[in-house]
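Engineer: This is my_file.txt (compact mmCIF, C-alpha atoms).
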# COMPACT_ATOMS: atom_id res chain seq x y z
CA MET A 23 45.18 63.84 7.71
CA GLY A 24 45.41 67.17 9.52
CA GLY A 25 48.89 67.90 10.67
CA VAL A 26 51.04 64.96 9.49
CA ARG A 27 54.12 66.23 7.67
CA LEU A 28 55.74 63.74 5.28
CA VAL A 29 59.42 64.22 4.38
CA ALA A 30 61.24 61.93 1.93
CA SER A 31 64.96 61.51 2.53
CA PRO A 32 67.64 58.79 2.20
CA SER A 33 68.44 56.62 5.22
CA ASN A 34 71.74 58.42 5.78
CA ARG A 35 70.10 61.87 5.79
CA PRO A 36 67.57 61.92 8.66
CA PRO A 37 65.47 65.09 8.46
CA PHE A 38 64.48 64.90 12.15
CA PRO A 39 64.76 62.55 15.15
CA VAL A 40 62.11 59.81 15.33
CA ASP A 41 60.30 57.93 18.08
CA ALA A 42 60.11 54.70 16.04
CA VAL A 43 61.51 53.10 12.90
CA VAL A 44 59.25 50.90 10.80
CA ALA A 45 60.92 48.05 8.89
CA GLU A 46 59.56 45.74 6.21
CA GLU A 47 59.47 42.22 7.65
CA ASP A 48 58.47 38.63 6.94
CA THR A 49 56.38 36.20 8.98
CA TYR A 50 59.40 34.63 10.73
CA LEU A 51 61.11 38.01 11.31
CA VAL A 52 64.27 37.04 9.45
CA LEU A 53 64.53 40.10 7.19
CA SER A 54 65.50 42.26 10.18
CA ALA A 55 67.61 39.61 11.92
CA LYS A 56 71.20 40.54 12.69
CA THR A 57 73.71 38.79 10.48
CA ASP A 58 76.59 38.59 12.95
CA LEU A 59 77.04 35.13 14.43
CA ARG A 60 77.07 34.66 18.16
CA ILE A 61 77.11 31.62 20.41
CA PRO A 62 73.78 31.36 22.25
CA ALA A 63 73.92 31.28 26.05
CA GLU A 64 71.37 28.46 26.16
CA HIS A 65 71.98 24.82 25.34
CA PRO A 66 71.81 24.28 21.52
CA LEU A 67 68.98 21.76 21.92
CA ARG A 68 66.82 24.39 23.66
CA VAL A 69 67.61 26.92 20.94
CA MET A 70 66.68 24.43 18.20
CA THR A 71 63.49 23.40 20.04
CA ALA A 72 62.43 27.04 20.43
CA ALA A 73 63.11 27.70 16.74
CA HIS A 74 61.13 24.61 15.73
CA GLU A 75 58.17 25.55 17.94
CA SER A 76 58.06 29.23 16.96
CA GLU A 77 54.89 30.48 15.33
CA PRO A 78 55.03 32.84 12.38
CA ALA A 79 53.69 36.37 12.71
CA LYS A 80 50.51 37.05 10.78
CA PRO A 81 50.92 38.93 7.48
CA GLY A 82 49.65 42.47 7.96
CA SER A 83 50.61 42.56 11.63
CA VAL A 84 53.19 44.81 13.30
CA VAL A 85 55.60 43.56 15.96
CA VAL A 86 56.81 46.33 18.28
CA ARG A 87 60.27 45.94 19.79
CA SER A 88 61.72 48.10 22.53
CA GLY A 89 64.68 50.36 21.96
CA GLN A 90 65.51 53.95 21.26
CA PRO A 91 63.97 54.51 18.82
CA LEU A 92 61.33 51.77 18.97
CA LYS A 93 61.35 49.20 16.18
CA MET A 94 58.08 48.44 14.44
CA LEU A 95 58.34 45.32 12.26
CA ALA A 96 55.63 45.48 9.59
CA VAL A 97 54.97 41.92 8.43
CA VAL A 98 54.28 42.24 4.69
CA HIS A 99 56.15 39.17 3.40
CA ASP A 100 55.60 35.43 3.60
CA LEU A 101 58.81 33.97 2.17
CA SER A 102 57.12 30.61 1.55
CA ARG A 103 54.83 32.22 -1.05
CA GLU A 104 55.37 33.67 -4.51
CA PRO A 105 55.01 36.56 -4.69
CA SER A 106 56.08 37.01 -1.07
CA CYS A 107 54.12 40.24 -0.60
CA GLU A 108 50.46 41.08 -1.19
CA GLU A 109 48.77 44.46 -1.33
CA GLU A 110 46.23 43.51 1.36
CA TRP A 111 49.09 42.73 3.78
CA VAL A 112 50.69 46.12 3.09
CA LEU A 113 47.36 47.87 3.72
CA ALA A 114 46.80 45.94 6.96
CA ALA A 115 50.36 46.62 8.14
CA LEU A 116 50.02 50.35 7.40
CA GLU A 117 46.73 50.49 9.30
CA GLU A 118 48.29 48.62 12.23
CA THR A 119 51.36 50.88 12.16
CA PHE A 120 49.18 53.96 12.56
CA ARG A 121 47.08 52.25 15.27
CA GLN A 122 50.30 51.51 17.15
CA THR A 123 51.57 55.09 16.74
CA GLU A 124 48.35 56.30 18.36
CA ARG A 125 48.42 53.67 21.12
CA LEU A 126 52.05 54.53 21.93
CA ARG A 127 51.44 58.28 21.42
CA LEU A 128 54.31 58.56 18.95
CA ARG A 129 54.88 61.92 17.30
CA SER A 130 57.40 60.93 14.62
CA ILE A 131 58.29 57.77 12.74
CA ALA A 132 60.66 56.72 9.97
CA MET A 133 59.52 54.20 7.41
CA PRO A 134 60.18 52.94 3.89
CA LEU A 135 57.45 52.46 1.31
CA LEU A 136 56.17 49.14 2.65
CA GLY A 137 55.97 46.52 -0.08
CA ALA A 138 58.58 48.24 -2.26
CA VAL A 139 61.71 47.59 -0.18
CA GLN A 140 62.23 44.06 -1.49
CA GLY A 141 61.14 45.11 -4.98
CA VAL A 142 57.85 43.22 -4.93
CA LEU A 143 55.41 46.12 -5.42
CA GLU A 144 55.92 49.29 -7.45
CA PRO A 145 57.04 52.25 -5.31
CA SER A 146 54.42 54.57 -6.83
CA HIS A 147 51.67 52.10 -5.91
CA CYS A 148 53.05 51.72 -2.37
CA ALA A 149 53.04 55.52 -2.02
CA GLU A 150 49.37 55.57 -3.06
CA LEU A 151 48.59 52.91 -0.44
CA LEU A 152 50.41 54.90 2.26
CA TRP A 153 48.54 58.07 1.32
CA ALA A 154 45.16 56.29 1.29
CA VAL A 155 45.73 54.75 4.73
CA LEU A 156 46.93 58.06 6.18
CA ILE A 157 43.77 59.79 4.97
CA ALA A 158 41.54 56.95 6.21
CA THR A 159 43.11 56.59 9.67
CA GLU A 160 43.69 60.30 10.41
CA PRO A 161 46.35 59.79 13.12
CA GLU A 162 46.03 62.37 15.91
CA THR A 163 49.33 62.14 17.79
CA LEU A 164 51.52 61.55 14.74
CA GLU A 165 53.07 64.78 13.47
CA ARG A 166 55.91 63.71 11.15
CA ILE A 167 56.81 60.79 8.92
CA TRP A 168 60.29 60.41 7.51
CA LEU A 169 59.76 58.40 4.34
CA ILE A 170 63.07 56.59 3.84
CA VAL A 171 63.92 56.51 0.15
CA GLY A 172 67.07 55.26 -1.62
CA GLN A 173 70.59 56.08 -0.49
CA SER A 174 72.39 59.34 -0.89
CA THR A 175 75.65 59.11 -2.81
CA ASP A 176 76.92 62.33 -1.26
CA SER A 177 79.54 61.49 1.37
CA SER A 178 79.40 64.84 3.18
So, in terms of structure tokens, how does the structure I just supplied come out?

Structural biologist:
Amino acid sequence: MGGVRLVASPSNRPPFPVDAVVAEEDTYLVLSAKTDLRIPAEHPLRVMTAAHESEPAKPGSVVVRSGQPLKMLAVVHDLSREPSCEEEWVLAALEETFRQTERLRLRSIAMPLLGAVQGVLEPSHCAELLWAVLIATEPETLERIWLIVGQSTDSS
């Protein structure tokens, strides 16, 4: 794992700027969807047809969205299943996250403990999975990971 520095900090206390933010996501990408309502520019029938014809993302995959910082949606939930998250999906999503960081030559990312955000897997187990995948993949370009944990109650 060479030079990857891992820093745990709440979401409102960033320890450093990041190139990408990883979010825990489901197969239809609804967990990260914005909640504000807006009227679509397209005809409602086209919107409904597109929604009906959409294909779910594969569990364990990572969807990269543009922006500053980039958004990396780690698909670790299938909301049609119980439990909605499986360890093998978390492992696959972690592996894919680190593949994408190398492909995109990212030096720093922010991420939660995948699988623990929605309370499905134990945080300590998710930390072990993260550590195991980091050791196994040995990212070369990645230098820092901000592990987003909890929320600070300090308002300063």

Engineer: Write out as a ChimeraX atom specification which residues come within 12 Å of segment 108-112 of chain A when counting all atoms listed in the file, dropping same-chain ones fewer than 3 positions away.

Structural biologist: /A:45-49,79-84,95-101,103-105,115-119,134-139,142-144,147-152,154-155

Engineer: For C-alpha atoms, I'd like the residues from the last selection saved as a CSV table (one decimal), in the frame of the given file.

Structural biologist:
chain,number,residue,atom,x,y,z
A,45,ALA,CA,60.9,48.0,8.9
A,46,GLU,CA,59.6,45.7,6.2
A,47,GLU,CA,59.5,42.2,7.6
A,48,ASP,CA,58.5,38.6,6.9
A,49,THR,CA,56.4,36.2,9.0
A,79,ALA,CA,53.7,36.4,12.7
A,80,LYS,CA,50.5,37.0,10.8
A,81,PRO,CA,50.9,38.9,7.5
A,82,GLY,CA,49.6,42.5,8.0
A,83,SER,CA,50.6,42.6,11.6
A,84,VAL,CA,53.2,44.8,13.3
A,95,LEU,CA,58.3,45.3,12.3
A,96,ALA,CA,55.6,45.5,9.6
A,97,VAL,CA,55.0,41.9,8.4
A,98,VAL,CA,54.3,42.2,4.7
A,99,HIS,CA,56.2,39.2,3.4
A,100,ASP,CA,55.6,35.4,3.6
A,101,LEU,CA,58.8,34.0,2.2
A,103,ARG,CA,54.8,32.2,-1.0
A,104,GLU,CA,55.4,33.7,-4.5
A,105,PRO,CA,55.0,36.6,-4.7
A,115,ALA,CA,50.4,46.6,8.1
A,116,LEU,CA,50.0,50.4,7.4
A,117,GLU,CA,46.7,50.5,9.3
A,118,GLU,CA,48.3,48.6,12.2
A,119,THR,CA,51.4,50.9,12.2
A,134,PRO,CA,60.2,52.9,3.9
A,135,LEU,CA,57.4,52.5,1.3
A,136,LEU,CA,56.2,49.1,2.6
A,137,GLY,CA,56.0,46.5,-0.1
A,138,ALA,CA,58.6,48.2,-2.3
A,139,VAL,CA,61.7,47.6,-0.2
A,142,VAL,CA,57.8,43.2,-4.9
A,143,LEU,CA,55.4,46.1,-5.4
A,144,GLU,CA,55.9,49.3,-7.4
A,147,HIS,CA,51.7,52.1,-5.9
A,148,CYS,CA,53.0,51.7,-2.4
A,149,ALA,CA,53.0,55.5,-2.0
A,150,GLU,CA,49.4,55.6,-3.1
A,151,LEU,CA,48.6,52.9,-0.4
A,152,LEU,CA,50.4,54.9,2.3
A,154,ALA,CA,45.2,56.3,1.3
A,155,VAL,CA,45.7,54.8,4.7

Engineer: Using atom CA of Pro78 of chain A and atom CA of Val52 of chain A as the two end points, give the distance in Å to one decimal.

Structural biologist: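 The value is 10.6 Å.
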
Engineer: Could you list, as a PyMOL selection string, every residue within 7 Å of Arg129 of chain A, counting all atoms listed in the file and ignoring same-chain residues fewer than 2 positions away?

Structural biologist: chain A and resi 41+127+163-166

Engineer: Around all of segment 31-41 of chain A's listed atoms, make the axis-aligned box with 5 Å on each side and tell me centre and edge lengths in Å to one decimal, as AutoDock Vina command-line options.

Structural biologist:
--center_x 66.0 --center_y 60.9 --center_z 10.1 --size_x 21.4 --size_y 18.5 --size_z 25.9

Engineer: Pick out the closest residue to Pro32 of chain A from this set: A:Ala158, A:Tyr50, A:Ala132, A:Leu92. Count all atoms listed in the file.

Structural biologist: A:Ala132

Engineer: Measuring atom to atom with all atoms listed in the file, identify which of A:Cys107, A:Val85, A:Glu160, A:Met133 is nearest to Gly172 of chain A.

Structural biologist: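 Between A:Cys107, A:Val85, A:Glu160, A:Met133, the residue approaching Gly172 of chain A most closely is A:Met133.
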
Engineer: Give me, please, the distance in Å between atom CA of Gly25 of chain A and atom CA of Ser146 of chain A, quoted to one decimal.

Structural biologist: 22.7 Å

Engineer: Quick one: pull the distance between atom CA of Val26 of chain A and atom CA of Val40 of chain A, Å, one decimal.

Structural biologist: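 So the two atoms, atom CA of Val26 of chain A and atom CA of Val40 of chain A, lie 13.5 Å apart.
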
Engineer: Find the spatial neighbours of Glu124 of chain A, counting only C-alpha atoms, within a cut-off of 8 Å - ignore same-chain residues fewer than 2 positions away - and output them as a list in words.

Structural biologist: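 Those residues are Phe120, Arg121, Gln122, Leu126, Arg127, Leu128, Pro161, Glu162, Thr163 and Leu164 of chain A.
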
Engineer: Choose the residue, out of A:Pro145, A:Met94, A:Pro39, A:Ser33, that has the smallest atom-to-atom separation from Ser54 of chain A; count only C-alpha atoms.

Structural biologist: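 Going through A:Pro145, A:Met94, A:Pro39, A:Ser33 one by one, the smallest distance to Ser54 of chain A is for A:Met94.
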
Engineer: Pick the closest to Ser106 of chain A from A:Ala55, A:Gln140, A:Phe38, A:Gln90: which is it, counting only C-alpha atoms?

Structural biologist: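 Looking at the shortest contact to Ser106 of chain A, the residue is A:Gln140.
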
Engineer: Missing atoms in segment 129-140 of chain A: fill them in up to all heavy atoms and send the result as an mmCIF file, keeping the file's coordinate frame.

Structural biologist:
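The resulting rebuild-v2.cif:
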data_model
loop_
_atom_site.group_PDB
_atom_site.id
_atom_site.type_symbol
_atom_site.label_atom_id
_atom_site.label_comp_id
_atom_site.auth_asym_id
_atom_site.auth_seq_id
_atom_site.Cartn_x
_atom_site.Cartn_y
_atom_site.Cartn_z
ATOM 1 N N ARG A 129 55.027 60.677 18.068
ATOM 2 C CA ARG A 129 54.880 61.920 17.300
ATOM 3 C C ARG A 129 55.616 61.869 15.967
ATOM 4 O O ARG A 129 55.280 62.603 15.052
ATOM 5 C CB ARG A 129 55.375 63.083 18.144
ATOM 6 C CG ARG A 129 54.499 63.292 19.366
ATOM 7 C CD ARG A 129 55.072 64.288 20.308
ATOM 8 N NE ARG A 129 55.436 65.506 19.608
ATOM 9 C CZ ARG A 129 55.421 66.698 20.122
ATOM 10 N NH1 ARG A 129 55.059 66.854 21.368
ATOM 11 N NH2 ARG A 129 55.792 67.745 19.429
ATOM 12 N N SER A 130 56.641 61.002 15.871
ATOM 13 C CA SER A 130 57.400 60.930 14.620
ATOM 14 C C SER A 130 57.889 59.515 14.376
ATOM 15 O O SER A 130 58.302 58.825 15.309
ATOM 16 C CB SER A 130 58.595 61.893 14.663
ATOM 17 O OG SER A 130 59.453 61.562 15.738
ATOM 18 N N ILE A 131 57.815 59.097 13.114
ATOM 19 C CA ILE A 131 58.290 57.770 12.740
ATOM 20 C C ILE A 131 59.089 57.866 11.439
ATOM 21 O O ILE A 131 58.930 58.818 10.677
ATOM 22 C CB ILE A 131 57.142 56.744 12.561
ATOM 23 C CG1 ILE A 131 56.192 57.150 11.429
ATOM 24 C CG2 ILE A 131 56.401 56.516 13.871
ATOM 25 C CD1 ILE A 131 55.164 56.081 11.076
ATOM 26 N N ALA A 132 59.946 56.878 11.239
ATOM 27 C CA ALA A 132 60.660 56.720 9.970
ATOM 28 C C ALA A 132 60.195 55.417 9.367
ATOM 29 O O ALA A 132 60.017 54.424 10.077
ATOM 30 C CB ALA A 132 62.168 56.686 10.211
ATOM 31 N N MET A 133 59.977 55.423 8.059
ATOM 32 C CA MET A 133 59.520 54.200 7.410
ATOM 33 C C MET A 133 59.837 54.216 5.928
ATOM 34 O O MET A 133 59.887 55.281 5.320
ATOM 35 C CB MET A 133 58.028 53.991 7.622
ATOM 36 C CG MET A 133 57.151 55.030 6.950
ATOM 37 S SD MET A 133 55.394 54.819 7.320
ATOM 38 C CE MET A 133 55.092 53.200 6.685
ATOM 39 N N PRO A 134 60.050 53.029 5.349
ATOM 40 C CA PRO A 134 60.180 52.940 3.890
ATOM 41 C C PRO A 134 58.776 52.827 3.283
ATOM 42 O O PRO A 134 57.781 52.769 4.008
ATOM 43 C CB PRO A 134 60.948 51.632 3.711
ATOM 44 C CG PRO A 134 60.425 50.773 4.829
ATOM 45 C CD PRO A 134 60.231 51.733 5.998
ATOM 46 N N LEU A 135 58.711 52.780 1.983
ATOM 47 C CA LEU A 135 57.450 52.460 1.310
ATOM 48 C C LEU A 135 57.246 50.950 1.459
ATOM 49 O O LEU A 135 57.900 50.155 0.774
ATOM 50 C CB LEU A 135 57.505 52.843 -0.172
ATOM 51 C CG LEU A 135 57.401 54.322 -0.471
ATOM 52 C CD1 LEU A 135 57.690 54.586 -1.941
ATOM 53 C CD2 LEU A 135 56.033 54.860 -0.077
ATOM 54 N N LEU A 136 56.394 50.560 2.387
ATOM 55 C CA LEU A 136 56.170 49.140 2.650
ATOM 56 C C LEU A 136 55.687 48.441 1.389
ATOM 57 O O LEU A 136 54.804 48.924 0.699
ATOM 58 C CB LEU A 136 55.161 48.955 3.782
ATOM 59 C CG LEU A 136 55.589 49.449 5.153
ATOM 60 C CD1 LEU A 136 54.472 49.230 6.167
ATOM 61 C CD2 LEU A 136 56.874 48.786 5.605
ATOM 62 N N GLY A 137 56.295 47.290 1.105
ATOM 63 C CA GLY A 137 55.970 46.520 -0.080
ATOM 64 C C GLY A 137 56.934 46.764 -1.221
ATOM 65 O O GLY A 137 57.058 45.954 -2.129
ATOM 66 N N ALA A 138 57.644 47.892 -1.177
ATOM 67 C CA ALA A 138 58.580 48.240 -2.260
ATOM 68 C C ALA A 138 60.028 47.959 -1.896
ATOM 69 O O ALA A 138 60.877 47.916 -2.780
ATOM 70 C CB ALA A 138 58.425 49.720 -2.623
ATOM 71 N N VAL A 139 60.324 47.760 -0.620
ATOM 72 C CA VAL A 139 61.710 47.590 -0.180
ATOM 73 C C VAL A 139 62.369 46.393 -0.843
ATOM 74 O O VAL A 139 63.495 46.480 -1.329
ATOM 75 C CB VAL A 139 61.798 47.461 1.368
ATOM 76 C CG1 VAL A 139 63.214 47.153 1.810
ATOM 77 C CG2 VAL A 139 61.287 48.730 2.033
ATOM 78 N N GLN A 140 61.679 45.279 -0.887
ATOM 79 C CA GLN A 140 62.230 44.060 -1.490
ATOM 80 C C GLN A 140 61.916 43.981 -2.985
ATOM 81 O O GLN A 140 62.146 42.960 -3.616
ATOM 82 C CB GLN A 140 61.679 42.821 -0.774
ATOM 83 C CG GLN A 140 61.961 42.778 0.715
ATOM 84 C CD GLN A 140 63.439 42.745 1.030
ATOM 85 O OE1 GLN A 140 64.219 42.103 0.341
ATOM 86 N NE2 GLN A 140 63.829 43.421 2.089
#
